[in-house]
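Okay, so here's the structure we're looking at.
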Amino acid sequence: MTPTITAFADSPDGGVGLARDMRVRWALEEVGQPYDVKLVSFGEMKQPAHLSRNPFGQIPTFEDGALKLFESGAIIFHIAEQHPGLLPTEPQARMRAIMWMFAALSTLEPPIIDLEQSGFIDRGQPWESDARMEVLKDRIRVRLQQLADWLGDSDWLDGDFSAGDLMMIMVLRRLEGDNLVEDYPTLVAYMARGMARPAYGRAYDAQHQVYLAASAAR
Ligand code: GTB
């Protein structure tokens with residue numbers, strides 16, 4: 001059966017693949033699993049049909065037969081469990097790759113989201129200030145340095161490319177435009193390696209086509 005994922009009908013990211021369907025598309029492309037995409041508007045995301053897929057009214061979701069999943073981490077973990085290519089078969093290496101998925105989502109992504117929130121949503125609010133932005137950036141710099149130190153001369157986080165790298169690179173991409181990753185050449189090269197993968201290119205093009213179609217219809 002062909003799984004169906006959900007994505008923004010008109011992504012606010014301008015078609016650059018920053019919405020979280022991109023990471024799911026990339027995982028599906030890596031393992032060679034074709035997929036359908038159901039596009040949802042912001043309004044539809046809060047309606048019962050979508051809330052039955054994700055009670056938080058967000059994308060992405062994943063449906064395959066009777067299985068309905070939300071949370072990009074759970075979806076990619078499932079894809080990686082179902083198909084070879086994203087997790088090592090050796091049990092300890094497999095667990096370490098899963099650990100890196102968690103690290104991306106629970107150690108790297110939260111401070112990055114805090115910065116995003118401050119930069120866009122909270123800008124101009126009384127609790128926001130340049131000083132707070134700098135504190136948030138410094139928190140991220142600590143993590144970026146630690147990640148760069150871990151990577152060293154390695155191509156990937158632990159052996160071969162894995163779902164851990166996929167998730168980490170997508171999380172790091174969220175810093176585009178913030179001039180933070182650029183101070184860590186190791187991470188710039190790491191991201192470029194991931195984004196040069198053909199599967200990444202196919203996923204990027206697919207989500208970009210959605211954006212182009214939505215722009216044309218506007
Ligand atoms: N923890 C969940 C997961 O990993 O799947 C988070 C899902 C999530 O945040 N989904 C966002 C969403 O549905 C889209 S990706 N938001 C709508 C809502 O909550 O009502 C986050 C996102 C949105 C936009 C940009 N952008 O414009 O650059 C980037 C990322």
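Note on naming: chains are A, B, ... as they come in the structure tokens, residues start from 1 per chain, ligands start from 1 in the order shown.
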
Dump the neighbourhood of ligand 1 as a PyMOL selection string: all residues within 10 Å, distances computed on only C-alpha atoms and all ligand atoms.
chain A and resi 6-8+10-24+40-46+54+56-61+69-76+105-106+109+113+116+167+171+173-174+176

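Between Gly85 of chain A and the residues A:Ala97, A:Leu172, A:Leu151, A:Ala217, the shortest atom-to-atom distance, using only C-alpha atoms, involves A:Ala97.
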
Using only C-alpha atoms, can you tell me which of A:Ala196, A:Ala93, A:Ala49, A:Ala213 comes closest to Leu157 of chain A?
A:Ala93

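Separating atom CA of Pro34 of chain A from atom CA of Met1 of chain A is a distance of 9.5 Å.
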
So how far away is atom CA of Ala148 of chain A from atom CA of Leu187 of chain A, in Å?
6.0 Å

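Across A:Arg132, A:Arg96, A:Arg218, A:Arg25, the tightest approach to Phe62 of chain A is made by A:Arg25 when counting only C-alpha atoms.
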
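One distance worth recording is that between atom CA of Gly159 of chain A and atom CA of Asn179 of chain A, which is 28.4 Å.
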
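Closest approach to Ser154 of chain A among A:Ala131, A:Val181, A:Ala189, A:Leu51: A:Ala189, based on only C-alpha atoms.
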
Considering only C-alpha atoms, return as a CSV table (one decimal) with all heavy atoms, in the first residue's frame whatever protein or nucleic-acid residues lie within 9 Å of Phe77 of chain A, sequence-local ones (same chain, fewer than 6 positions apart) excluded.
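After the write, part-v5.csv holds the following:
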```
chain,number,residue,atom,x,y,z
A,86,LEU,N,18.1,3.3,6.4
A,86,LEU,CA,18.2,4.5,7.3
A,86,LEU,C,18.6,4.1,8.7
A,86,LEU,O,19.0,5.0,9.5
A,86,LEU,CB,16.8,5.2,7.4
A,86,LEU,CG,16.5,6.1,6.2
A,86,LEU,CD1,15.1,6.6,6.3
A,86,LEU,CD2,17.5,7.2,6.1
A,87,LEU,N,18.7,2.8,9.0
A,87,LEU,CA,19.2,2.4,10.3
A,87,LEU,C,20.1,1.2,10.1
A,87,LEU,O,19.8,0.3,9.4
A,87,LEU,CB,18.0,2.0,11.3
A,87,LEU,CG,17.2,3.1,11.8
A,87,LEU,CD1,16.0,2.5,12.6
A,87,LEU,CD2,18.0,4.1,12.7
A,98,ILE,N,19.3,5.8,16.4
A,98,ILE,CA,18.1,6.3,17.0
A,98,ILE,C,18.3,7.3,18.0
A,98,ILE,O,17.6,8.4,18.1
A,98,ILE,CB,17.3,5.1,17.6
A,98,ILE,CG1,16.9,4.1,16.5
A,98,ILE,CG2,16.1,5.5,18.4
A,98,ILE,CD1,16.4,2.7,16.9
A,101,MET,N,18.7,10.6,16.4
A,101,MET,CA,17.4,11.2,16.1
A,101,MET,C,16.8,11.9,17.3
A,101,MET,O,16.3,13.0,17.2
A,101,MET,CB,16.4,10.1,15.6
A,101,MET,CG,16.7,9.4,14.3
A,101,MET,SD,15.4,8.2,13.9
A,101,MET,CE,14.0,9.2,13.7
A,163,ALA,N,19.2,7.7,9.7
A,163,ALA,CA,18.0,8.6,10.1
A,163,ALA,C,18.5,9.7,11.1
A,163,ALA,O,17.9,10.7,11.1
A,163,ALA,CB,16.9,7.8,10.6
```

Identify, with DSSP run on backbone atoms, the residues in segment 5-209 of chain A assigned to strand (DSSP E or B), and express the list as a ChimeraX atom specification.
/A:5-8,36-40,61-64,67-70

Which residues come within 8 Å of Ala203 of chain A, counting only C-alpha atoms, excluding same-chain residues fewer than 3 positions away, as number ranges by chain?
A: 22, 25-26, 29, 199-200, 206-207

Any chance you can output those residues with all heavy atoms as a PDB file, in the first residue's frame?
```
ATOM      1  N   MET A  22       9.155  17.964   4.834  1.00  0.00           N
ATOM      2  CA  MET A  22      10.382  17.767   4.041  1.00  0.00           C
ATOM      3  C   MET A  22      11.219  16.606   4.595  1.00  0.00           C
ATOM      4  O   MET A  22      11.741  15.776   3.855  1.00  0.00           O
ATOM      5  CB  MET A  22      11.187  19.082   4.040  1.00  0.00           C
ATOM      6  CG  MET A  22      12.569  18.999   3.415  1.00  0.00           C
ATOM      7  SD  MET A  22      12.593  18.644   1.639  1.00  0.00           S
ATOM      8  CE  MET A  22      14.292  18.059   1.481  1.00  0.00           C
ATOM      9  N   ARG A  25       9.493  13.364   3.660  1.00  0.00           N
ATOM     10  CA  ARG A  25       9.686  13.096   2.226  1.00  0.00           C
ATOM     11  C   ARG A  25      11.100  12.569   1.985  1.00  0.00           C
ATOM     12  O   ARG A  25      11.312  11.630   1.213  1.00  0.00           O
ATOM     13  CB  ARG A  25       9.505  14.392   1.417  1.00  0.00           C
ATOM     14  CG  ARG A  25       8.087  14.939   1.364  1.00  0.00           C
ATOM     15  CD  ARG A  25       8.129  16.292   0.672  1.00  0.00           C
ATOM     16  NE  ARG A  25       6.887  17.026   0.652  1.00  0.00           N
ATOM     17  CZ  ARG A  25       5.973  16.962  -0.321  1.00  0.00           C
ATOM     18  NH1 ARG A  25       6.162  16.164  -1.351  1.00  0.00           N
ATOM     19  NH2 ARG A  25       4.886  17.692  -0.267  1.00  0.00           N
ATOM     20  N   TRP A  26      12.081  13.201   2.641  1.00  0.00           N
ATOM     21  CA  TRP A  26      13.484  12.785   2.448  1.00  0.00           C
ATOM     22  C   TRP A  26      13.663  11.326   2.881  1.00  0.00           C
ATOM     23  O   TRP A  26      14.273  10.524   2.175  1.00  0.00           O
ATOM     24  CB  TRP A  26      14.407  13.728   3.224  1.00  0.00           C
ATOM     25  CG  TRP A  26      15.882  13.491   3.007  1.00  0.00           C
ATOM     26  CD1 TRP A  26      16.463  12.627   2.105  1.00  0.00           C
ATOM     27  CD2 TRP A  26      16.960  14.124   3.701  1.00  0.00           C
ATOM     28  NE1 TRP A  26      17.826  12.690   2.201  1.00  0.00           N
ATOM     29  CE2 TRP A  26      18.158  13.610   3.170  1.00  0.00           C
ATOM     30  CE3 TRP A  26      17.034  15.074   4.717  1.00  0.00           C
ATOM     31  CZ2 TRP A  26      19.414  14.007   3.634  1.00  0.00           C
ATOM     32  CZ3 TRP A  26      18.281  15.487   5.169  1.00  0.00           C
ATOM     33  CH2 TRP A  26      19.456  14.957   4.632  1.00  0.00           C
ATOM     34  N   GLU A  29      12.136   9.043   0.345  1.00  0.00           N
ATOM     35  CA  GLU A  29      12.967   8.989  -0.862  1.00  0.00           C
ATOM     36  C   GLU A  29      14.226   8.152  -0.624  1.00  0.00           C
ATOM     37  O   GLU A  29      14.661   7.400  -1.497  1.00  0.00           O
ATOM     38  CB  GLU A  29      13.363  10.403  -1.310  1.00  0.00           C
ATOM     39  CG  GLU A  29      12.214  11.245  -1.825  1.00  0.00           C
ATOM     40  CD  GLU A  29      11.694  10.793  -3.195  1.00  0.00           C
ATOM     41  OE1 GLU A  29      12.321   9.928  -3.840  1.00  0.00           O
ATOM     42  OE2 GLU A  29      10.638  11.310  -3.604  1.00  0.00           O
ATOM     43  N   ALA A 199      18.336  11.645  -2.828  1.00  0.00           N
ATOM     44  CA  ALA A 199      17.017  11.530  -2.187  1.00  0.00           C
ATOM     45  C   ALA A 199      16.580  12.874  -1.612  1.00  0.00           C
ATOM     46  O   ALA A 199      15.395  13.227  -1.656  1.00  0.00           O
ATOM     47  CB  ALA A 199      17.055  10.468  -1.088  1.00  0.00           C
ATOM     48  N   TYR A 200      17.542  13.608  -1.066  1.00  0.00           N
ATOM     49  CA  TYR A 200      17.214  14.946  -0.548  1.00  0.00           C
ATOM     50  C   TYR A 200      16.712  15.823  -1.698  1.00  0.00           C
ATOM     51  O   TYR A 200      15.708  16.530  -1.564  1.00  0.00           O
ATOM     52  CB  TYR A 200      18.449  15.580   0.110  1.00  0.00           C
ATOM     53  CG  TYR A 200      18.196  16.993   0.582  1.00  0.00           C
ATOM     54  CD1 TYR A 200      17.829  17.253   1.897  1.00  0.00           C
ATOM     55  CD2 TYR A 200      18.300  18.072  -0.305  1.00  0.00           C
ATOM     56  CE1 TYR A 200      17.559  18.551   2.317  1.00  0.00           C
ATOM     57  CE2 TYR A 200      18.027  19.371   0.106  1.00  0.00           C
ATOM     58  CZ  TYR A 200      17.669  19.602   1.423  1.00  0.00           C
ATOM     59  OH  TYR A 200      17.399  20.888   1.820  1.00  0.00           O
ATOM     60  N   ALA A 206       9.990  17.915  -4.833  1.00  0.00           N
ATOM     61  CA  ALA A 206       8.566  17.570  -4.688  1.00  0.00           C
ATOM     62  C   ALA A 206       7.837  18.630  -3.863  1.00  0.00           C
ATOM     63  O   ALA A 206       6.752  19.085  -4.230  1.00  0.00           O
ATOM     64  CB  ALA A 206       8.422  16.190  -4.057  1.00  0.00           C
ATOM     65  N   GLN A 207       8.438  19.017  -2.725  1.00  0.00           N
ATOM     66  CA  GLN A 207       7.748  20.028  -1.908  1.00  0.00           C
ATOM     67  C   GLN A 207       7.770  21.383  -2.602  1.00  0.00           C
ATOM     68  O   GLN A 207       6.844  22.180  -2.463  1.00  0.00           O
ATOM     69  CB  GLN A 207       8.287  20.066  -0.469  1.00  0.00           C
ATOM     70  CG  GLN A 207       9.748  20.466  -0.298  1.00  0.00           C
ATOM     71  CD  GLN A 207       9.990  21.944  -0.431  1.00  0.00           C
ATOM     72  OE1 GLN A 207       9.186  22.739   0.031  1.00  0.00           O
ATOM     73  NE2 GLN A 207      11.094  22.328  -1.070  1.00  0.00           N
TER      74      GLN A 207
END
```

Looking at A:Gln47, A:Ser162, A:Thr107, A:Ser118, which one is nearest to Thr89 of chain A, with distances taken over only C-alpha atoms?
A:Ser162

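Between Met168 of chain A and the candidates A:Lys38, A:Arg143, A:Arg202, A:Arg123, the tightest atom-to-atom separation, counting only C-alpha atoms, involves A:Arg143.
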
Taking the DSSP secondary structure from the backbone, can you list the residues of segment 86-159 of chain A that are helix (DSSP H, G or I), as an MDAnalysis selection string?
chainID A and resid 91:121 130:151

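For segment 3-5 of chain A, the non-local neighbours within 6 Å, defined as residues at least 4 positions apart in the same chain or in other chains and counting only C-alpha atoms, are Tyr35, Asp36, Val37, Thr61, Phe62, Glu63 and Asp64 of chain A.
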
Writing out the chosen residues with C-alpha atoms as a PDB file, in the first residue's frame:
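The result, written out as selection.pdb:
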```pdb
ATOM      1  CA  TYR A  35       4.060   8.132  -1.312  1.00  0.00           C
ATOM      2  CA  ASP A  36       0.967  10.226  -1.843  1.00  0.00           C
ATOM      3  CA  VAL A  37       0.577  13.693  -0.397  1.00  0.00           C
ATOM      4  CA  THR A  61       1.091  13.011   9.364  1.00  0.00           C
ATOM      5  CA  PHE A  62       1.552   9.573   7.851  1.00  0.00           C
ATOM      6  CA  GLU A  63      -1.117   7.020   7.034  1.00  0.00           C
ATOM      7  CA  ASP A  64      -0.514   3.520   5.788  1.00  0.00           C
TER       8      ASP A  64
END
```
